[in-house]
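Undergrad: Handing you a structure now.
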Protein chains: 2
Amino acid sequence: MPKISAKGRMMPESPIRKLVPYAEAAKQRGVKVYHLNIGQPDIQTPDVALEALHNFSDKVIEYSHSAGIPSYRKKLAEYYKKHNIHITADDIIVGAGASEAILFAFQSIMDPDDEVIIPEPFYANYNGFAINAGVRVKPIYSSIETGFALPPIAEFEKSITPKTKAILVCNPNNPTGYLYSKEELETLRQLVLKHDLYLIADEVYREFCYDGIKHYSCMHLEGIENNVILIDSVSKRYSACGVRIGCMISKNKELMKTALKFAQARLSPPSLGQVVAEAAINTPDSYFVEVLNEYLARRDVVVKAINNIPGAFCPEPKGAFYVVAKLPIDDSDKFCQWLLDSFEHEMQTVMLAPASGFYSTPGRGKDEVRISYVLNVNDLSKSMEALAQALLVYPGKTN
Amino acid sequence: MPKISAKGRMMPESPIRKLVPYAEAAKQRGVKVYHLNIGQPDIQTPDVALEALHNFSDKVIEYSHSAGIPSYRKKLAEYYKKHNIHITADDIIVGAGASEAILFAFQSIMDPDDEVIIPEPFYANYNGFAINAGVRVKPIYSSIETGFALPPIAEFEKSITPKTKAILVCNPNNPTGYLYSKEELETLRQLVLKHDLYLIADEVYREFCYDGIKHYSCMHLEGIENNVILIDSVSKRYSACGVRIGCMISKNKELMKTALKFAQARLSPPSLGQVVAEAAINTPDSYFVEVLNEYLARRDVVVKAINNIPGAFCPEPKGAFYVVAKLPIDDSDKFCQWLLDSFEHEMQTVMLAPASGFYSTPGRGKDEVRISYVLNVNDLSKSMEALAQALLVYPGKTN
């Protein structure tokens, strides 16, 4: 039997996916499982986007331009202008989700064994993309005690080697919900300038900022136009994860010319998703007001509930729709499995993401979980009640 | 300014894309350009597929399973059964086009500097995927004189090294239209068994076989279930290139488990495309009868016209919708550009693909072009007339 690649063997299996069979078994037993483990929102896709699909009138579903449908990219530029981000259609390459956009970025700027620095905990799939591109993630520890703020710049300096090509931040952050401040981004600006690095910012949760705090984009940083790569997606913005439309944006012409070659090799991003995404730009502001209020109410339910549990703690995140919570538990992988295979409260339980999967340093995140507040307030309250009950009886409790 | 990756610098720019500005300029001058340079058919997507889009009733466009929507994969297995290919839904991973499926395959079986043997001329983007995955393409020459038949097995044997991990064939072939026989595939079967290699077969043109010859799939080969990887796509089958739905199929469980990890890292293939592709499986047979007759008529127009041009020659391909033609010219890159920037016949000209882009051995394909017969018979006739006229006056003519 021919062999599997070393790369393939290295690819991590997500700790969440390992739990799926346990969730299935729980459902088989008649237990209601609240899914707080994923970033698939229950919010409706805007009508204007769905209508574009129903009214699709082409007779042939054709390839689009490799960089994306020109009219869509033009309209995207207008969307960004509203967010005070000034780019043109030529600065955009549309990808099959932010996933493909990140891969294009990694491949265009890094060679095997090059390094990208990422504050941890971080979105687990960055690991997969790094292995895919043959590069190394150098994690820098951000702690729950500081609410997952940007680690001190000295920590970055210590991690930079001649192999370092980029710093990647997710802002607002998945999994922590942390929203980086203008000042934090300014320190990164100076760092990338000093060491001639790329700054990759994954800003797919831009719309989800709370408590009146405004999002500060990497594209607002001045004087590092050739260093900045913005990664974006319409998945969360319009609750349309299945369209698989994201993009990579940069003013660095040489970089974009290179990324376009990777884009051309796969011919075209999904055409139908682009049609939906283009129409979605006309989503009325009222949609976002409503969605934001909904997420805010959900956040408050979760944060309050967690901090009411003895021995548990979570910061109040200012963005995205995730909370990383510290729980009085021995091992979050074990705990999350136990919730599914050995626990129920009034025939209900909850599926959470063990935080271990968001750290690349072994051993970290053992007493932390990520909670995605992607269910309505009522279901969330029931989930939090089940979690509180679970922590009263979990055998691996640490306090 | 931070640097571009070596990989990025190595990525080839397609010779076709270099011609695009010349085609634009010709149109600006009022010249009608017949596009025979691409694989974007003008055939209509089946109604049943478009209707699925119009009737899409979900309120949230959600991620699908990373391997593809289960109901779609189940139905795909039925589609293959009709083609005497016996697989289950679990043997399938749906990708964003055959492009992503090939990448999954390359990444799962090869590490940097590993080698894949491909008969040339071959689909130019295989080069891009290889560079992307950090692996090397070892071309084996197949010649127009044999109609682009499989090169002798001795040639393969000569090219196999300890780094060789796979042999890739495209069947029916893009760019040559060659349809591999059962006997040719049998010789490959013995070869991959002997050297413990993977056999990757890109069969996206399965439906397009002419003159009553039946397609013989790599999945029909016995005793090499763990070696065979089938790459497929709905792009050409249903003239729906923009849905970006392809797949990778193998009975090798370890391989599929590995490929799934790459699939999970990018979360989901396009959901909307899968909805369309699933509905398309209900396309009535009459659609294919009509389409096949249409392509056959087109092929005949092109083959006859080429072989009527003094000094030109092309084999009669038995599959796909491409012809590689040998022309009495000095340099196909120059000629294809000249057609666009210095020639018109009755205010018409033709855009062709220089065959140089389909060979990885430098210097090959200089007197060959690929003609995609993706236009109707009337337009094709006019294109062939323009081409014949062009060859009367081209300054770089060699006979």
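Convention: chains lettered A, B, ... in structure tokens order; per-chain residue numbering from 1; ligands numbered from 1 as shown.
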Using only C-alpha atoms, select each residue of chain B with any atom at most 6 Å away from an atom of chain A, and give the selection as number ranges by chain.
TA: B: 2, 4-5, 8, 44-45, 54, 59-63, 99, 108-111, 125, 128, 196-197, 240-244, 258, 265-266, 270-271
Undergrad: Give me the residues within 12 Å of Ile160 (chain A) as a VMD selection string, counting only C-alpha atoms and dropping any in the same chain fewer than 3 places off.
TA: chain A and resid 114 to 118 137 to 140 153 to 157 163 to 167 191 to 192 194 to 197
Undergrad: Using DSSP on the backbone coordinates, identify all residues within region 34-274 of chain B classified as strand (DSSP E); present the result as a VMD selection string.
TA: chain B and resid 34 to 35 92 to 95 115 to 120 136 to 141 164 to 170 198 to 202 228 to 233 246 to 249
Undergrad: Using N, CA and C atoms, can you export the residues from the last selection as a compact mmCIF listing (two decimals), in the first residue's frame?
TA:
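What ended up in selection_4.txt:
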# COMPACT_ATOMS: atom_id res chain seq x y z
N TYR B 34 -13.10 34.98 -31.65
CA TYR B 34 -13.69 33.70 -31.27
C TYR B 34 -12.82 33.04 -30.21
N HIS B 35 -13.39 32.79 -29.05
CA HIS B 35 -12.60 32.24 -27.94
C HIS B 35 -12.58 30.71 -27.98
N ILE B 92 -15.92 9.32 -0.83
CA ILE B 92 -15.93 10.59 -1.57
C ILE B 92 -15.61 11.76 -0.65
N ILE B 93 -14.72 12.64 -1.08
CA ILE B 93 -14.57 13.95 -0.43
C ILE B 93 -14.83 15.00 -1.50
N VAL B 94 -15.85 15.83 -1.25
CA VAL B 94 -16.22 16.87 -2.20
C VAL B 94 -15.25 18.05 -2.04
N GLY B 95 -14.78 18.57 -3.15
CA GLY B 95 -13.87 19.71 -3.11
C GLY B 95 -14.39 20.88 -3.92
N GLU B 115 7.82 13.20 -6.32
CA GLU B 115 7.58 13.35 -7.76
C GLU B 115 6.30 12.67 -8.24
N VAL B 116 5.66 13.31 -9.19
CA VAL B 116 4.50 12.72 -9.85
C VAL B 116 4.77 12.71 -11.35
N ILE B 117 4.56 11.56 -11.96
CA ILE B 117 4.81 11.41 -13.40
C ILE B 117 3.52 11.71 -14.16
N ILE B 118 3.62 12.57 -15.15
CA ILE B 118 2.43 12.93 -15.95
C ILE B 118 2.83 12.93 -17.42
N PRO B 119 2.08 12.18 -18.27
CA PRO B 119 2.35 12.28 -19.71
C PRO B 119 2.09 13.71 -20.19
N GLU B 120 3.04 14.26 -20.97
CA GLU B 120 2.82 15.60 -21.52
C GLU B 120 2.50 15.51 -22.99
N ARG B 136 7.40 17.78 -7.51
CA ARG B 136 7.90 17.92 -8.88
C ARG B 136 7.09 17.11 -9.87
N VAL B 137 6.81 17.70 -11.02
CA VAL B 137 6.20 16.96 -12.13
C VAL B 137 7.31 16.40 -13.00
N LYS B 138 7.27 15.09 -13.24
CA LYS B 138 8.19 14.48 -14.20
C LYS B 138 7.39 14.17 -15.45
N PRO B 139 7.59 14.94 -16.51
CA PRO B 139 6.80 14.72 -17.72
C PRO B 139 7.33 13.54 -18.53
N ILE B 140 6.42 12.85 -19.19
CA ILE B 140 6.82 11.81 -20.15
C ILE B 140 6.17 12.19 -21.48
N TYR B 141 6.96 12.18 -22.51
CA TYR B 141 6.51 12.71 -23.80
C TYR B 141 5.51 11.79 -24.50
N THR B 164 9.41 9.04 -6.55
CA THR B 164 8.15 8.96 -7.30
C THR B 164 7.04 8.40 -6.41
N LYS B 165 5.96 9.13 -6.32
CA LYS B 165 4.84 8.69 -5.49
C LYS B 165 3.58 8.40 -6.29
N ALA B 166 3.49 8.95 -7.48
CA ALA B 166 2.23 8.81 -8.22
C ALA B 166 2.42 8.99 -9.71
N ILE B 167 1.47 8.42 -10.44
CA ILE B 167 1.32 8.69 -11.87
C ILE B 167 -0.04 9.34 -12.05
N LEU B 168 -0.07 10.40 -12.81
CA LEU B 168 -1.35 11.10 -13.03
C LEU B 168 -1.71 11.05 -14.50
N VAL B 169 -2.93 10.62 -14.80
CA VAL B 169 -3.43 10.71 -16.17
C VAL B 169 -4.77 11.43 -16.18
N CYS B 170 -4.99 12.14 -17.26
CA CYS B 170 -6.27 12.83 -17.46
C CYS B 170 -6.96 12.08 -18.59
N TYR B 198 0.74 5.58 -6.32
CA TYR B 198 -0.66 5.95 -6.52
C TYR B 198 -0.91 6.18 -8.01
N LEU B 199 -2.11 5.86 -8.44
CA LEU B 199 -2.55 6.21 -9.80
C LEU B 199 -3.68 7.22 -9.65
N ILE B 200 -3.40 8.45 -10.04
CA ILE B 200 -4.41 9.51 -9.97
C ILE B 200 -5.00 9.67 -11.35
N ALA B 201 -6.31 9.54 -11.47
CA ALA B 201 -6.95 9.71 -12.77
C ALA B 201 -7.97 10.83 -12.70
N ASP B 202 -7.74 11.82 -13.54
CA ASP B 202 -8.63 12.98 -13.64
C ASP B 202 -9.61 12.65 -14.76
N VAL B 228 -5.57 3.64 -6.22
CA VAL B 228 -6.29 4.50 -7.18
C VAL B 228 -6.96 5.69 -6.51
N ILE B 229 -6.76 6.86 -7.11
CA ILE B 229 -7.46 8.08 -6.69
C ILE B 229 -8.17 8.64 -7.92
N LEU B 230 -9.47 8.71 -7.84
CA LEU B 230 -10.26 9.28 -8.94
C LEU B 230 -10.53 10.75 -8.63
N ILE B 231 -10.24 11.61 -9.60
CA ILE B 231 -10.55 13.04 -9.48
C ILE B 231 -11.70 13.34 -10.43
N ASP B 232 -12.69 14.03 -9.93
CA ASP B 232 -13.84 14.30 -10.78
C ASP B 232 -14.37 15.72 -10.54
N SER B 233 -15.29 16.13 -11.37
CA SER B 233 -15.86 17.48 -11.27
C SER B 233 -17.18 17.50 -12.01
N GLY B 246 -16.17 19.57 -7.23
CA GLY B 246 -15.48 18.40 -7.73
C GLY B 246 -15.38 17.40 -6.61
N CYS B 247 -14.62 16.35 -6.81
CA CYS B 247 -14.41 15.43 -5.70
C CYS B 247 -13.18 14.57 -5.91
N MET B 248 -12.76 13.99 -4.80
CA MET B 248 -11.66 13.04 -4.78
C MET B 248 -12.27 11.74 -4.27
N ILE B 249 -12.00 10.64 -4.96
CA ILE B 249 -12.60 9.36 -4.59
C ILE B 249 -11.50 8.32 -4.44
Undergrad: Which residue gives the smallest distance to Val48 (chain A) among A:Asp300, A:Asp367, A:Glu278, A:Glu183, with only C-alpha atoms counted?
TA: A:Glu278
Undergrad: Please identify the helix (DSSP H, G or I) residues within region 195-326 of chain B (assignment by DSSP from backbone atoms) and present them as an MDAnalysis selection string.
TA: chainID B and resid 195 218:220 241:243 253:265 271:280 285:308
Undergrad: Could you check the closest approach to Glu145 (chain B) for each of B:Ala77, B:Cys314, B:Val323, B:Leu296 and tell me which residue wins, using only C-alpha atoms?
TA: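 Selected residue with least distance to Glu145 (chain B): B:Cys314.
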Undergrad: From the set B:Ala320, B:Glu186, B:Ala386, B:Arg237, which residue has the shortest atom-to-atom contact distance to Phe288 (chain B), counting only C-alpha atoms?
TA: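 Counting only C-alpha atoms, the residue closest to Phe288 (chain B) is B:Arg237.
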Undergrad: Can you tell me which residues surround Lys326 (chain A) at a distance of at most 12 Å, considering only C-alpha atoms, apart from same-chain residues fewer than 5 positions away, and format the answer as a list in words?
TA: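 My reading of the contact set: Ser143, Ile144, Glu145, Gly147, Thr176, Val303, Ile306, Asn307, Ile309, Pro310, Gly311, Ala312, Phe313, Cys314, Pro315, Asp331, Ser332, Pro354, Ala355, Ser356, Arg364, Gly365, Lys366, Asp367, Glu368, Val369, Arg370, Ile371 and Thr398 of chain A.
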Undergrad: Write out as a PyMOL selection string each polymer residue whose atoms come within 7 Å of region 79-86 of chain A, counting only C-alpha atoms; drop sequence neighbours fewer than 2 positions from it.
TA: chain A and resi 75-77+219-220+281
Undergrad: Save the residues we just selected, all heavy atoms, as an mmCIF file, in the first residue's frame?
TA:
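What follows is the written file part-v2.cif:
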data_model
loop_
_atom_site.group_PDB
_atom_site.id
_atom_site.type_symbol
_atom_site.label_atom_id
_atom_site.label_comp_id
_atom_site.auth_asym_id
_atom_site.auth_seq_id
_atom_site.Cartn_x
_atom_site.Cartn_y
_atom_site.Cartn_z
ATOM 1 N N LYS A 75 -17.969 46.472 -5.831
ATOM 2 C CA LYS A 75 -18.943 46.740 -4.781
ATOM 3 C C LYS A 75 -18.326 46.499 -3.403
ATOM 4 O O LYS A 75 -18.638 47.205 -2.436
ATOM 5 C CB LYS A 75 -20.159 45.833 -5.003
ATOM 6 C CG LYS A 75 -21.377 46.362 -4.312
ATOM 7 C CD LYS A 75 -22.638 46.078 -5.069
ATOM 8 C CE LYS A 75 -23.790 46.689 -4.296
ATOM 9 N NZ LYS A 75 -25.078 46.348 -4.872
ATOM 10 N N LEU A 76 -17.466 45.495 -3.331
ATOM 11 C CA LEU A 76 -16.756 45.222 -2.072
ATOM 12 C C LEU A 76 -15.928 46.445 -1.670
ATOM 13 O O LEU A 76 -15.870 46.813 -0.494
ATOM 14 C CB LEU A 76 -15.805 44.031 -2.248
ATOM 15 C CG LEU A 76 -16.192 42.673 -1.669
ATOM 16 C CD1 LEU A 76 -15.039 41.706 -1.876
ATOM 17 C CD2 LEU A 76 -16.560 42.748 -0.201
ATOM 18 N N ALA A 77 -15.279 47.053 -2.657
ATOM 19 C CA ALA A 77 -14.463 48.241 -2.361
ATOM 20 C C ALA A 77 -15.337 49.333 -1.734
ATOM 21 O O ALA A 77 -14.907 50.036 -0.814
ATOM 22 C CB ALA A 77 -13.776 48.736 -3.633
ATOM 23 N N MET A 219 -5.908 47.862 8.027
ATOM 24 C CA MET A 219 -5.808 48.733 6.854
ATOM 25 C C MET A 219 -5.797 50.209 7.248
ATOM 26 O O MET A 219 -5.577 51.081 6.409
ATOM 27 C CB MET A 219 -6.971 48.463 5.888
ATOM 28 C CG MET A 219 -7.021 47.071 5.297
ATOM 29 S SD MET A 219 -5.604 46.605 4.260
ATOM 30 C CE MET A 219 -5.863 47.638 2.818
ATOM 31 N N HIS A 220 -6.066 50.495 8.529
ATOM 32 C CA HIS A 220 -6.006 51.882 8.992
ATOM 33 C C HIS A 220 -4.588 52.293 9.382
ATOM 34 O O HIS A 220 -4.320 53.463 9.610
ATOM 35 C CB HIS A 220 -6.946 52.086 10.192
ATOM 36 C CG HIS A 220 -8.387 51.899 9.860
ATOM 37 N ND1 HIS A 220 -9.300 51.314 10.713
ATOM 38 C CD2 HIS A 220 -9.086 52.188 8.730
ATOM 39 C CE1 HIS A 220 -10.485 51.271 10.133
ATOM 40 N NE2 HIS A 220 -10.387 51.786 8.929
ATOM 41 N N ILE A 281 -24.335 42.905 -0.005
ATOM 42 C CA ILE A 281 -23.781 44.229 0.338
ATOM 43 C C ILE A 281 -24.913 45.255 0.476
ATOM 44 O O ILE A 281 -24.779 46.248 1.171
ATOM 45 C CB ILE A 281 -22.704 44.651 -0.691
ATOM 46 C CG1 ILE A 281 -21.542 43.641 -0.624
ATOM 47 C CG2 ILE A 281 -22.183 46.065 -0.415
ATOM 48 C CD1 ILE A 281 -20.426 43.879 -1.617
#
Undergrad: For Ile213 (chain B), which of B:Lys236, B:Ser181, B:Val135, B:Arg29 is the closest residue, counting only C-alpha atoms?
TA: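 The shortest atom-to-atom distance to Ile213 (chain B) comes from B:Ser181.
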